[in-house]
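Structure data follow from start.csv (CSV, C-alpha atoms):
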```csv
chain,number,residue,atom,x,y,z
A,258,MET,CA,0.0,0.0,0.0
A,259,ASP,CA,3.0,2.3,-0.1
A,260,GLY,CA,2.2,5.3,-2.3
A,261,ALA,CA,-1.5,4.8,-2.0
A,262,LEU,CA,-3.1,8.2,-1.2
A,263,THR,CA,-6.5,7.8,-2.8
A,264,LEU,CA,-9.0,5.0,-3.6
A,265,ASP,CA,-7.9,5.4,-7.3
A,266,ASP,CA,-4.3,4.6,-6.2
A,267,VAL,CA,-5.5,1.5,-4.4
A,268,GLU,CA,-7.4,0.4,-7.5
A,269,ARG,CA,-4.3,1.0,-9.6
A,270,LEU,CA,-2.0,-0.9,-7.2
A,271,ALA,CA,-4.5,-3.8,-7.0
A,272,GLY,CA,-4.4,-4.1,-10.8
A,273,GLU,CA,-0.6,-4.6,-10.6
A,274,ILE,CA,-0.9,-7.6,-8.3
A,275,MET,CA,-4.2,-9.2,-9.2
A,276,SER,CA,-4.8,-11.4,-12.2
A,277,PRO,CA,-6.4,-9.5,-15.1
A,278,GLU,CA,-9.6,-11.7,-14.6
A,279,ALA,CA,-9.9,-10.9,-10.9
A,280,HIS,CA,-9.3,-7.2,-11.5
A,281,ALA,CA,-11.9,-7.1,-14.2
A,282,TYR,CA,-14.4,-8.8,-11.9
A,283,VAL,CA,-13.8,-6.5,-9.0
A,284,THR,CA,-13.5,-3.2,-10.9
A,285,GLY,CA,-16.0,-3.9,-13.7
A,286,GLY,CA,-19.7,-3.4,-14.0
A,287,ALA,CA,-22.5,-4.7,-16.2
A,288,ALA,CA,-22.5,-4.4,-20.0
A,289,ALA,CA,-20.9,-1.1,-21.2
A,290,GLU,CA,-20.5,0.0,-17.6
A,291,ARG,CA,-22.7,3.1,-18.0
A,292,THR,CA,-24.2,2.7,-14.5
A,293,LEU,CA,-20.8,2.2,-13.0
A,294,ARG,CA,-19.7,5.5,-14.6
A,295,TRP,CA,-22.9,7.3,-13.5
A,296,ASN,CA,-22.4,6.1,-9.9
A,297,ARG,CA,-18.8,7.4,-9.9
A,298,GLU,CA,-20.0,10.7,-11.3
A,299,ALA,CA,-22.8,11.0,-8.8
A,300,PHE,CA,-20.4,10.2,-5.9
A,301,SER,CA,-18.0,12.8,-7.2
A,302,ARG,CA,-20.7,15.4,-6.7
A,303,CYS,CA,-20.9,14.7,-3.0
A,304,ARG,CA,-19.2,17.5,-1.0
A,305,LEU,CA,-18.1,17.8,2.6
A,306,ARG,CA,-19.2,21.1,4.1
A,307,PRO,CA,-16.5,22.5,6.3
A,308,ARG,CA,-17.4,24.1,9.6
A,309,VAL,CA,-15.2,26.8,11.0
A,310,LEU,CA,-15.0,28.4,14.4
A,311,VAL,CA,-16.8,25.5,16.1
A,312,ASP,CA,-15.6,23.2,18.8
A,313,VAL,CA,-14.1,20.1,17.3
A,314,SER,CA,-12.4,18.8,20.4
A,315,ALA,CA,-14.8,15.8,20.5
A,316,VAL,CA,-16.0,14.5,17.1
A,317,SER,CA,-17.2,11.1,16.2
A,318,THR,CA,-18.0,9.3,13.0
A,319,GLU,CA,-20.3,6.9,14.8
A,320,THR,CA,-23.8,6.3,13.6
A,321,THR,CA,-26.7,3.9,14.0
A,322,VAL,CA,-28.1,1.7,11.1
A,323,LEU,CA,-31.2,-0.4,11.8
A,324,GLY,CA,-30.5,-0.1,15.5
A,325,GLN,CA,-26.9,-1.3,15.1
A,326,ARG,CA,-24.2,1.2,16.4
A,327,ILE,CA,-21.2,1.3,14.0
A,328,ALA,CA,-18.0,3.3,14.1
A,329,LEU,CA,-18.4,5.0,10.8
A,330,PRO,CA,-21.1,5.5,8.2
A,331,VAL,CA,-19.7,2.8,5.9
A,332,ILE,CA,-21.1,-0.7,5.5
A,333,VAL,CA,-19.2,-3.5,3.6
A,334,ALA,CA,-21.4,-4.3,0.6
A,335,PRO,CA,-22.2,-8.0,-0.3
A,336,THR,CA,-19.5,-8.9,-2.8
A,337,ALA,CA,-19.5,-12.4,-4.4
A,338,PHE,CA,-16.6,-14.7,-5.2
A,339,GLN,CA,-14.1,-13.0,-2.9
A,340,LEU,CA,-11.9,-16.1,-3.2
A,341,VAL,CA,-10.8,-14.7,-6.6
A,342,VAL,CA,-9.2,-11.8,-4.8
A,343,HIS,CA,-7.7,-13.3,-1.7
A,344,PRO,CA,-7.3,-16.9,-0.3
A,345,GLU,CA,-8.9,-15.9,3.0
A,346,ARG,CA,-12.0,-14.8,1.0
A,347,GLU,CA,-14.9,-13.4,3.0
A,348,LEU,CA,-13.2,-14.4,6.3
A,349,ALA,CA,-10.6,-11.7,5.9
A,350,THR,CA,-13.3,-9.2,4.9
A,351,ALA,CA,-15.3,-10.1,8.1
A,352,ARG,CA,-12.2,-9.6,10.3
A,353,GLY,CA,-11.5,-6.2,8.6
A,354,ALA,CA,-15.1,-5.0,9.0
A,355,ALA,CA,-15.0,-6.0,12.6
A,356,ALA,CA,-11.7,-4.2,13.2
A,357,ALA,CA,-13.2,-1.1,11.6
A,358,GLY,CA,-16.3,-1.4,13.8
A,359,THR,CA,-18.8,-1.7,11.0
A,360,ILE,CA,-21.2,-4.2,9.4
A,361,MET,CA,-20.3,-6.7,6.8
A,362,CYS,CA,-23.1,-7.9,4.5
A,363,LEU,CA,-22.4,-11.4,3.2
A,364,SER,CA,-23.4,-12.3,-0.4
A,365,THR,CA,-25.6,-15.2,-1.3
A,366,VAL,CA,-22.9,-16.0,-3.8
A,367,ALA,CA,-20.1,-15.9,-1.2
A,368,THR,CA,-17.2,-18.3,-1.1
A,369,ALA,CA,-17.6,-18.7,2.6
A,370,SER,CA,-20.8,-19.7,4.5
A,371,PRO,CA,-22.4,-17.5,7.1
A,372,THR,CA,-21.2,-20.0,9.8
A,373,GLU,CA,-17.6,-19.7,8.6
A,374,VAL,CA,-17.8,-15.9,8.6
A,375,ALA,CA,-19.3,-15.8,12.1
A,376,ALA,CA,-16.4,-18.0,13.3
A,377,ALA,CA,-13.9,-15.6,11.7
A,378,ALA,CA,-15.3,-12.5,13.4
A,379,PRO,CA,-17.2,-13.6,16.5
A,380,GLY,CA,-19.6,-11.0,17.8
A,381,ALA,CA,-19.1,-8.6,14.9
A,382,PRO,CA,-22.3,-7.3,13.3
A,383,ARG,CA,-23.3,-9.1,10.1
A,384,TRP,CA,-26.1,-9.0,7.5
A,385,PHE,CA,-27.0,-11.4,4.8
A,386,GLN,CA,-27.8,-10.5,1.2
A,387,LEU,CA,-30.4,-12.9,-0.2
A,388,TYR,CA,-31.4,-13.9,-3.7
A,389,VAL,CA,-34.7,-15.8,-3.7
A,390,PHE,CA,-34.6,-19.2,-5.5
A,391,ARG,CA,-37.5,-21.0,-7.2
A,392,ASP,CA,-37.0,-23.9,-4.8
A,393,ARG,CA,-38.0,-22.0,-1.6
A,394,SER,CA,-36.5,-24.7,0.6
A,395,VAL,CA,-33.0,-23.5,-0.7
A,396,THR,CA,-34.0,-19.9,0.3
A,397,ASP,CA,-35.3,-21.1,3.6
A,398,ASP,CA,-32.1,-23.0,4.3
A,399,MET,CA,-29.9,-20.0,3.6
A,400,ILE,CA,-32.0,-17.7,5.8
A,401,ALA,CA,-31.9,-20.3,8.6
A,402,GLU,CA,-28.1,-20.5,8.4
A,403,ALA,CA,-27.8,-16.7,8.3
A,404,ILE,CA,-30.0,-16.4,11.4
A,405,GLU,CA,-28.3,-19.2,13.2
A,406,SER,CA,-24.9,-17.7,12.6
A,407,GLY,CA,-25.9,-14.3,14.0
A,408,CYS,CA,-26.8,-12.2,11.0
A,409,SER,CA,-29.1,-9.5,12.3
A,410,ALA,CA,-30.7,-8.4,9.0
A,411,VAL,CA,-31.5,-9.9,5.6
A,412,MET,CA,-31.0,-7.6,2.5
A,413,LEU,CA,-33.4,-8.9,-0.1
A,414,THR,CA,-32.1,-8.4,-3.7
A,415,VAL,CA,-34.8,-8.4,-6.3
A,416,ASP,CA,-33.1,-7.2,-9.4
A,417,LEU,CA,-31.5,-10.4,-10.7
A,418,PRO,CA,-34.0,-12.3,-12.8
A,419,VAL,CA,-31.1,-13.1,-15.1
A,420,VAL,CA,-27.4,-12.7,-14.5
A,421,GLY,CA,-26.1,-9.6,-16.2
A,422,VAL,CA,-23.6,-9.4,-19.0
A,423,ARG,CA,-20.2,-8.3,-17.9
A,424,GLU,CA,-18.2,-7.3,-21.0
A,425,ARG,CA,-14.8,-7.0,-19.3
A,426,GLU,CA,-15.0,-10.6,-18.2
A,427,GLN,CA,-16.3,-11.8,-21.5
A,428,ARG,CA,-13.3,-10.2,-23.3
A,429,LEU,CA,-11.0,-12.2,-20.9
A,430,ALA,CA,-13.2,-15.4,-21.4
A,431,TRP,CA,-13.5,-15.6,-17.6
A,432,THR,CA,-16.4,-17.0,-15.7
A,433,ALA,CA,-16.9,-16.9,-11.9
A,434,PRO,CA,-15.7,-20.0,-10.0
A,435,GLU,CA,-19.1,-21.4,-9.0
A,436,GLU,CA,-17.6,-24.5,-7.5
A,437,HIS,CA,-16.3,-22.5,-4.6
A,438,VAL,CA,-19.7,-21.1,-3.5
A,439,PRO,CA,-21.3,-23.3,-0.9
A,440,SER,CA,-24.9,-22.0,-1.0
A,441,PHE,CA,-24.9,-21.4,-4.8
A,442,VAL,CA,-23.7,-24.9,-5.5
A,443,LEU,CA,-26.3,-26.3,-3.2
A,444,ALA,CA,-29.0,-24.4,-5.1
A,445,ARG,CA,-27.6,-25.5,-8.5
A,446,LYS,CA,-27.5,-29.2,-7.4
A,447,ARG,CA,-31.1,-29.0,-6.4
A,448,GLY,CA,-32.0,-27.3,-9.7
A,449,ALA,CA,-33.1,-24.2,-8.0
A,450,ASP,CA,-32.8,-21.2,-10.3
A,451,LEU,CA,-33.4,-17.6,-9.2
A,452,VAL,CA,-37.1,-16.6,-9.3
A,453,ASP,CA,-38.5,-14.5,-12.1
A,454,PRO,CA,-39.2,-10.9,-11.4
```
Can you turn what I pasted into structure tokens?
Amino acid sequence: MDGALTLDDVERLAGEIMSPEAHAYVTGGAAAERTLRWNREAFSRCRLRPRVLVDVSAVSTETTVLGQRIALPVIVAPTAFQLVVHPERELATARGAAAAGTIMCLSTVATASPTEVAAAAPGAPRWFQLYVFRDRSVTDDMIAEAIESGCSAVMLTVDLPVVGVREREQRLAWTAPEEHVPSFVLARKRGADLVDP
């Protein structure tokens, strides 16, 4: 991380050490990446409003989200296939989120189960992102494991009737490593596709 002063620096440095396929997966977006570009543009319009001549001797970034106190207003989004980035996969992410004092949201298409993530960061706040499957018993099993492992919220994702086209990955002829995804493999073996919208 030497020389990394901004998030753009981190992304550039990551590209130097990651495989092209993993870097494309992590930094890319769907299709021609218009939404990715629009999101970056929208974020760039956010401004911090400086306050002057006020007491700043005791400031805090703490906030509360759905009743959970966190150290900063940042939550780790559900990101699938973390094994392609690091051998410790979501377990390292869980430890990092816990050390930062914030919530990690585990993806349905994670390369670690909710139980494994709970063991990696005991007592840390966790949520579970859920895709609903046609075979509702698969969905029920995933929710049960998330609750049993201590996830305090379920984030229902409803915008994936079909998996999106990711042109960067297509150009590299790369597909996600489904064999490393416990819940996703379980659903595939049982023939449970995602539900229609």
Report as CSV: every residue of range 310-427 of chain A with an atom at most 12 Å from range 290-298 of chain A, its closest pair of atoms, and their distance in Å to one decimal, counting only C-alpha atoms, with rows sorted by chain and ascending residue number.
```
residue,atom,partner,partner_atom,distance
A:Gly421,CA,A:Glu290,CA,11.2
A:Val422,CA,A:Glu290,CA,10.0
A:Arg423,CA,A:Glu290,CA,8.3
A:Glu424,CA,A:Glu290,CA,8.4
A:Arg425,CA,A:Glu290,CA,9.2
A:Glu426,CA,A:Glu290,CA,12.0
```
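Distances from A:Thr396, A:Gln386, A:Thr318, A:Gln339 to Met361 in chain A were compared using all atoms listed in the file, and the smallest one belongs to A:Gln386.
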**OP:** Give as a PyMOL selection string each residue that has an atom at most 8 Å from (-20.9, -8.7, 14.5) in the file, counting all atoms listed in the file.
**Re:** chain A and resi 355+360-361+375+378-383+407-408
Subject >> Polymer residues at most 8 Å from Ile327 in chain A, only C-alpha atoms, same-chain spacing of 6 or more positions, as a list in words >> reply: Glu319, Thr320, Thr321, Gly358, Thr359 and Ile360 of chain A
Subject >> Atomic separation - CA of Glu373 in chain A relative to CA of Ala349 in chain A, Å >> reply: 11.0 Å
**OP:** Determine the nearest neighbour of Leu429 in chain A from the options A:Ala281, A:Leu270, A:Leu310, A:Met258, counting all atoms listed in the file.
**Re:** A:Ala281
Subject >> Straight-line distance linking CA of Ala315 in chain A with CA of Val333 in chain A, stated in Å to one decimal >> reply: 26.0 Å
Subject >> Counting all atoms listed in the file, the residue of A:Ala299, A:Ala279, A:Ile332, A:Ser317 that sits nearest Gly353 in chain A >> reply: A:Ile332
Original post:
Quick one: of A:Ala357, A:His280, A:Val322, A:Leu413, who's nearest to Val267 in chain A, counting only C-alpha atoms?
Top reply: A:His280
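For the pair CA of Arg326 in chain A and CA of Leu262 in chain A, the separation is 28.4 Å.
Each of A:Leu323, A:Val309, A:Ala289, A:Val395 was checked against Met412 in chain A using only C-alpha atoms; the smallest atom-to-atom distance is that of A:Leu323.
Residues in contact range of His343 in chain A, defined as at most 12 Å between only C-alpha atoms, with sequence neighbours fewer than 3 positions away removed, read Ala271, Ile274, Met275, Ser276, Ala279, His280, Val283, Phe338, Gln339, Leu340, Arg346, Glu347, Leu348, Ala349, Thr350 and Thr368 of chain A.
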